[in-house]
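Each remark here refers to the structure printed beneath this line.
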Amino acid sequence: MASASHAPTPLLKDELDIVIPTIRNLDFLEMWRPFFQPYHLIIVQDGDPSKTIRVPEGFDYELYNRNDINRMLGPKASCISFKDSACRCFGYMVSKKKYIYTIDDDCFVAKDPSGKDINALEQHIKNLLSPSTPFFFNTLYDPYRVGADFVRGYPFSLREGVPTAVSHGLWLNIPDYDAPTQLVKPLERNTRYVDAILTIPKGTLFPMCGMNLAFDRELIGPAMYFGLMGDGQPIGRYDDMWAGWCTKVITDHLGLGVKTGLPYIWHSKASNPFVNLKKEYNGIFWQEELIPFFQSVSLPKEATTVQKCYLELAKQVRAKLGKVDGYFNKLADSMVTWIEAWDELNPPKGGVPTANGPPPKK
Amino acid sequence: MRPPSLLSLTLDSALLRIAHIADLSHLPDHLVIDLFRRTLSAGKLTEKVLKLFLATGCEEIILAVQLLNIKQPLVPVLPTNSEVDIVIAALQPNLTTFFEAWRPFFSRFHIIVIKDPDMTEDLQIPTGFDLKVYTKSDINGVLGASSINFSGHSCRYFGYLVSRKKYVISIDDNCLPAKDTAGSTVDVVAQHMANLKTPATPFFFNTLYDPYRKGADFVRGYPFSLREGVECMLSCGLWMHNADYDPMTHVVKRNQRNTTYVDAVMTVPLGAMLPVSGINVAFNRDVLGPAMFPGLRLRNEGKHRWDTLEDIWNGLCAKVVCDSLGYGVKTGLPYVMRSDAEAGKALESLKDWEGVKIMDDVLPFFQSLKLSRTAVTVDDCVKELAGIVREKLGPKNAIFTEAADAMVEWNNLWKAHGAQNA
């Protein structure tokens, strides 16, 4: 049986970093101030490093631009995308915290059906701190939510769940559609508030959107590489997709969970669909090869850490996707570079971090 | 700012009248393409206008249409009474409140009521319905001696057998219509039919849930080759108020009621198993009928839902069959309002509740199950499944051997009594 906690959700302000990629300004933080102010922000500046990004007063932050990335990673900086929000994964790498929340700078506080402001971060924390249930689908969705539980027929041996590695939130207003759909339905807005969180079953892939995403950096961080996108690359707007497919394969292998659903944020800006079409063009064709690849990937038993899994994936990307396009050889290389850079900036502490213990409560 | 060119003004003007233009084939390609782009941007691409553009034969347009995967909007047609039967298992004699409450939604359809063979009292059913009651003597009369025990909740399966419609919707007799978050009463029939008549998407999870619902679509990153979906064979609805819990949870959380209305329908992904509750279910009888059977019967199976696992077993088998044959299963809407009548009695059931042990054996079995490629019909799949159940689960518990027997018997019954269509 699921014991839902009625205790208030811990803030985790010293255990969570908020990573925000930006090229313009961070005015949107004003709206988030009541929810974000206690936390440390990691801002990754995309685009022209000579521009100054204006951060509203009162936030505790560190900011990295391309010069910083080059300085800190040296030649390994080649794995971090240029002129694409994919550069945000540099923020994951330099963070020293257990949890990451990442959000786009055109995402604002949404309201729930009762009109109340949604504290997205609090919901993500709730999602990450409660177990996932990937081995059997609970028809009442998240059984650990107050007011819900496991339904009849749910095996008792599975009711403890597994640790949650990723919490994938959704968006009201401008939905995350690809360019073709945006072109056909330019006026469609997501107005449906679906009051559920659910675990994505083991073996099922999904399109992970980086707009409103939280994860346990200690459990899955190295898998959250957002690939080679943007300037000089043949593809864009597939950074989070790539990270999501890699992450899901690895979480399935390591027995971790991925949740999707609440919380909602309000996505305000629709990007230009014709520009998007150009960026996504290759992706639309390549994903037909990528999905079968990820669906049939199998990781060896010896891959017991995220890094080992990821390096094994890189090997298979090179072997199986290299023939789709030379880009995937470059990507496989940069996946390896990413892990090297990650391990350099995050040397392993004494002892293997267990994926099974509950997170330390403050 | 430069004023718009004459050409641009002309194209804009054409856009305003696009619905009335009969032929564009005289235009040079680059103008057709420009006009197409403007049409898309303005959201004016109707089916007629699309045909107009395609008729020009312009290759770029044809490529763009393929790329954009422009699909027909799927508007579910209102279910006709020639397609749907409502099957109700009567486990209590007085069904007046039940049928009066459901009258607005059921009155158009033929209703099959199966009276629990163990019930001695007469049924009370209000008039004004196209309704047929089957009792114990009817069951014996039609089937003769059958090894399947149709008492209790299992009696509904007899209803599946005698129905002659393409779709069956079945709801427990202690459920009433629910209200959605806007306060409107949920039309359970319309929603189940929408679920069954629109495609399912089991191969990849759509984060905005059902992409065929109005106001939703496939999200970025969803492969285009998977957007056609597959036919949905089973629609699993949910319950407000008294949720479908096991007896242990009923006892420990006796005051908990389900008050969260989750406004979503979603496809249960390929390979994912789920507990299907028979309380509120609908399926394509033509195709899936042979897989909708009462197989697993608990030793102390009783009249309360928590004393049964027959629907859970049925659902697991049906899901395996659907996965194997490329059909879909959806879960979520519609909700029904399930009453409290049973809630207090769960404690009595706890003593002998073998459901705990059963499911722990059952699930690993189903998760690792792969039916052979040669099983290409639902019938074949069920036969094969029965054999594997007997072989792999039978040794663990006689209850599984009996389930395998029941599955084989159902196969025979279906051939003899269920397979003919009206």
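Chains: A, B, ... in order of the structure tokens. Residues: from 1 per chain. Ligands: from 1, in order shown.
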
Should the cut-off be 6 Å, what would the residue list for chain A against chain B look like, counting only C-alpha atoms, as a compact mmCIF listing (two decimals) with C-alpha atoms, in the first residue's frame?
# COMPACT_ATOMS: atom_id res chain seq x y z
CA PHE A 136 2.97 -2.40 -13.80
CA PHE A 137 0.65 0.36 -14.84
CA VAL A 151 -5.66 -0.44 -7.42
CA ARG A 152 -6.95 -3.96 -6.96
CA GLY A 153 -4.75 -6.43 -8.78
CA PRO A 155 1.04 -6.94 -7.04
CA ASP A 176 5.29 21.53 -27.57
CA TYR A 177 4.46 20.61 -31.14
CA ASP A 178 6.92 20.00 -33.95
CA PRO A 180 4.73 20.51 -39.24
CA LEU A 183 2.11 24.86 -39.38
CA VAL A 184 -1.13 22.91 -39.62
CA VAL A 194 -4.77 16.77 -16.71
CA ASP A 195 -4.54 16.29 -12.98
CA LEU A 205 10.07 5.48 -24.96
CA PHE A 206 8.71 9.00 -24.84
CA PRO A 207 9.54 12.47 -26.20

Write out as JSON lines a residue-level contact list of region 42-106 of chain A versus region 30-38 of chain A with cut-off 8 Å: for each qualifying residue the closest pair of atoms and the distance in Å to one decimal, counting only C-alpha atoms, rows sorted by chain and residue number upward.
{"residue": "A:Pro56", "atom": "CA", "partner": "A:Glu30", "partner_atom": "CA", "distance": 7.0}
{"residue": "A:Gly58", "atom": "CA", "partner": "A:Gln37", "partner_atom": "CA", "distance": 7.4}
{"residue": "A:Phe59", "atom": "CA", "partner": "A:Gln37", "partner_atom": "CA", "distance": 5.8}
{"residue": "A:Asp60", "atom": "CA", "partner": "A:Gln37", "partner_atom": "CA", "distance": 7.7}

Point to revise | Residues within 12 Å of Leu290 (chain A), only C-alpha atoms, excluding chain neighbours under 3 positions, as a PyMOL selection string | key: (chain A and resi 205+238+241-242+245-246+282-287+293-297+316-317+320-325+328) or (chain B and resi 221-223)

Output file for the selection above: N, CA and C atoms, as a CSV table (one decimal), in the first residue's frame:
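selection-v4.csv, freshly written:
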chain,number,residue,atom,x,y,z
A,205,LEU,N,9.4,4.2,-24.7
A,205,LEU,CA,10.1,5.5,-25.0
A,205,LEU,C,9.1,6.6,-25.0
A,238,TYR,N,16.2,18.8,-31.2
A,238,TYR,CA,16.2,17.4,-30.9
A,238,TYR,C,17.1,17.1,-29.7
A,241,MET,N,15.1,15.6,-26.9
A,241,MET,CA,14.6,14.3,-27.3
A,241,MET,C,15.7,13.2,-27.2
A,242,TRP,N,16.9,13.6,-27.7
A,242,TRP,CA,18.0,12.7,-27.6
A,242,TRP,C,18.3,12.3,-26.2
A,245,TRP,N,15.7,9.9,-24.8
A,245,TRP,CA,15.7,8.5,-25.2
A,245,TRP,C,16.9,7.8,-24.6
A,246,CYS,N,18.1,8.5,-24.5
A,246,CYS,CA,19.2,7.9,-23.8
A,246,CYS,C,18.9,7.6,-22.3
A,282,ASN,N,16.0,17.4,-40.7
A,282,ASN,CA,16.7,16.1,-40.6
A,282,ASN,C,16.2,15.2,-39.5
A,283,GLY,N,15.9,15.8,-38.4
A,283,GLY,CA,15.4,15.0,-37.3
A,283,GLY,C,14.1,14.3,-37.6
A,284,ILE,N,13.3,14.9,-38.4
A,284,ILE,CA,12.0,14.2,-38.7
A,284,ILE,C,12.2,12.9,-39.4
A,285,PHE,N,13.2,12.9,-40.3
A,285,PHE,CA,13.5,11.7,-41.0
A,285,PHE,C,14.4,10.8,-40.2
A,286,TRP,N,15.4,11.3,-39.5
A,286,TRP,CA,16.3,10.5,-38.7
A,286,TRP,C,15.6,9.8,-37.6
A,287,GLN,N,14.5,10.4,-37.0
A,287,GLN,CA,13.9,9.8,-35.8
A,287,GLN,C,13.2,8.5,-36.2
A,293,PHE,N,16.2,2.1,-33.2
A,293,PHE,CA,17.5,1.9,-32.5
A,293,PHE,C,17.3,1.8,-31.0
A,294,PHE,N,16.7,2.9,-30.4
A,294,PHE,CA,16.5,2.9,-29.0
A,294,PHE,C,15.6,1.8,-28.5
A,295,GLN,N,14.6,1.5,-29.3
A,295,GLN,CA,13.7,0.4,-28.8
A,295,GLN,C,14.4,-0.9,-28.7
A,296,SER,N,15.4,-1.1,-29.5
A,296,SER,CA,16.1,-2.4,-29.5
A,296,SER,C,17.4,-2.4,-28.8
A,297,VAL,N,17.8,-1.3,-28.2
A,297,VAL,CA,19.1,-1.3,-27.5
A,297,VAL,C,19.1,-2.2,-26.3
A,316,GLN,N,27.2,1.9,-29.4
A,316,GLN,CA,26.2,1.4,-30.3
A,316,GLN,C,25.7,2.5,-31.3
A,317,VAL,N,25.7,3.7,-30.9
A,317,VAL,CA,25.3,4.8,-31.8
A,317,VAL,C,26.2,4.8,-33.0
A,320,LYS,N,25.7,1.5,-35.1
A,320,LYS,CA,24.4,1.3,-35.8
A,320,LYS,C,23.9,2.5,-36.5
A,321,LEU,N,24.2,3.7,-36.0
A,321,LEU,CA,23.6,4.9,-36.6
A,321,LEU,C,24.6,5.7,-37.5
A,322,GLY,N,25.9,5.3,-37.4
A,322,GLY,CA,26.9,6.0,-38.2
A,322,GLY,C,26.5,5.9,-39.7
A,323,LYS,N,25.8,4.8,-40.1
A,323,LYS,CA,25.5,4.6,-41.5
A,323,LYS,C,24.2,5.5,-41.9
A,324,VAL,N,23.5,5.9,-40.9
A,324,VAL,CA,22.3,6.8,-41.2
A,324,VAL,C,22.9,8.2,-41.7
A,325,ASP,N,23.8,8.7,-40.9
A,325,ASP,CA,24.5,9.9,-41.3
A,325,ASP,C,25.8,10.1,-40.5
A,328,PHE,N,26.1,11.1,-36.8
A,328,PHE,CA,26.0,10.3,-35.6
A,328,PHE,C,27.4,9.8,-35.1
B,221,GLY,N,8.8,15.3,-31.5
B,221,GLY,CA,9.6,14.1,-31.1
B,221,GLY,C,8.9,12.8,-31.4
B,222,TYR,N,7.6,12.9,-31.7
B,222,TYR,CA,6.8,11.7,-31.9
B,222,TYR,C,7.0,11.3,-33.4
B,223,PRO,N,7.5,10.1,-33.6
B,223,PRO,CA,7.8,9.7,-34.9
B,223,PRO,C,6.6,9.7,-35.8

Review point. For the atom pair CA of Leu129 (chain A) and CA of Lys349 (chain A), what is the interatomic distance in Å to one decimal place?
Key: 22.5 Å

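In this structure, CA of Gly229 (chain B) sits 5.3 Å away from CA of Ala200 (chain B).
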
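For the pair CA of Val230 (chain B) and CA of Ile197 (chain A), the interatomic distance is 24.9 Å.
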
Exercise for review: Excluding region 79-96 of chain B and residues on its chain fewer than 6 positions from it, collect all residues at most 8 Å away from it, counting only C-alpha atoms, and give them as a ChimeraX atom specification.
Suggested key: /B:106,108-116,119,121-126,152-153,155-156,159-160,163-173,190,193,303

Exercise for review: Determine which residues of region 33-280 of chain A receive a DSSP assignment of alpha helix (DSSP H), computed from the backbone, and state them as a ChimeraX atom specification.
Suggested key: /A:33-36,66-73,89-94,120-129,179-184,217-220,239-254,273-280

Review point. Which polymer residues have any atom within 12 Å of an atom of Asp343 (chain A), counting only C-alpha atoms, with same-chain residues fewer than 2 positions away left out, as a ChimeraX atom specification?
Key: /A:73,76,93-94,221-222,306-308,336-341,345-349

Point to revise | Long-range neighbours of Ala319 (chain A) as a PyMOL selection string, 10 Å cut-off, only C-alpha atoms, 6 positions minimum in chain | key: chain A and resi 313+328-329+332

With C-alpha atoms retained, write the just-selected residues as a PDB file, in the first residue's frame.
ATOM      1  CA  LEU A 313      25.289   3.586 -25.827  1.00  0.00           C
ATOM      2  CA  PHE A 328      26.038  10.260 -35.582  1.00  0.00           C
ATOM      3  CA  ASN A 329      29.735   9.447 -35.550  1.00  0.00           C
ATOM      4  CA  ALA A 332      29.005   9.379 -30.565  1.00  0.00           C
TER       5      ALA A 332
END

**Study point:** Sel. of strand (DSSP E) residues, region 102-309 of chain B, as number ranges by chain
**Key:** B: 110-115, 130-134, 167-171, 175-177, 232-241, 265-267, 280-284

Check your understanding: Contacts of Ala19 (chain B) at 12 Å or less, counting only C-alpha atoms, minus same-chain residues fewer than 3 places along, as JSON, numbers by chain?
Key -> {"B": [13, 14, 15, 16, 22, 23, 24, 39, 44, 45, 46, 47, 48, 49, 50, 51, 52, 53]}
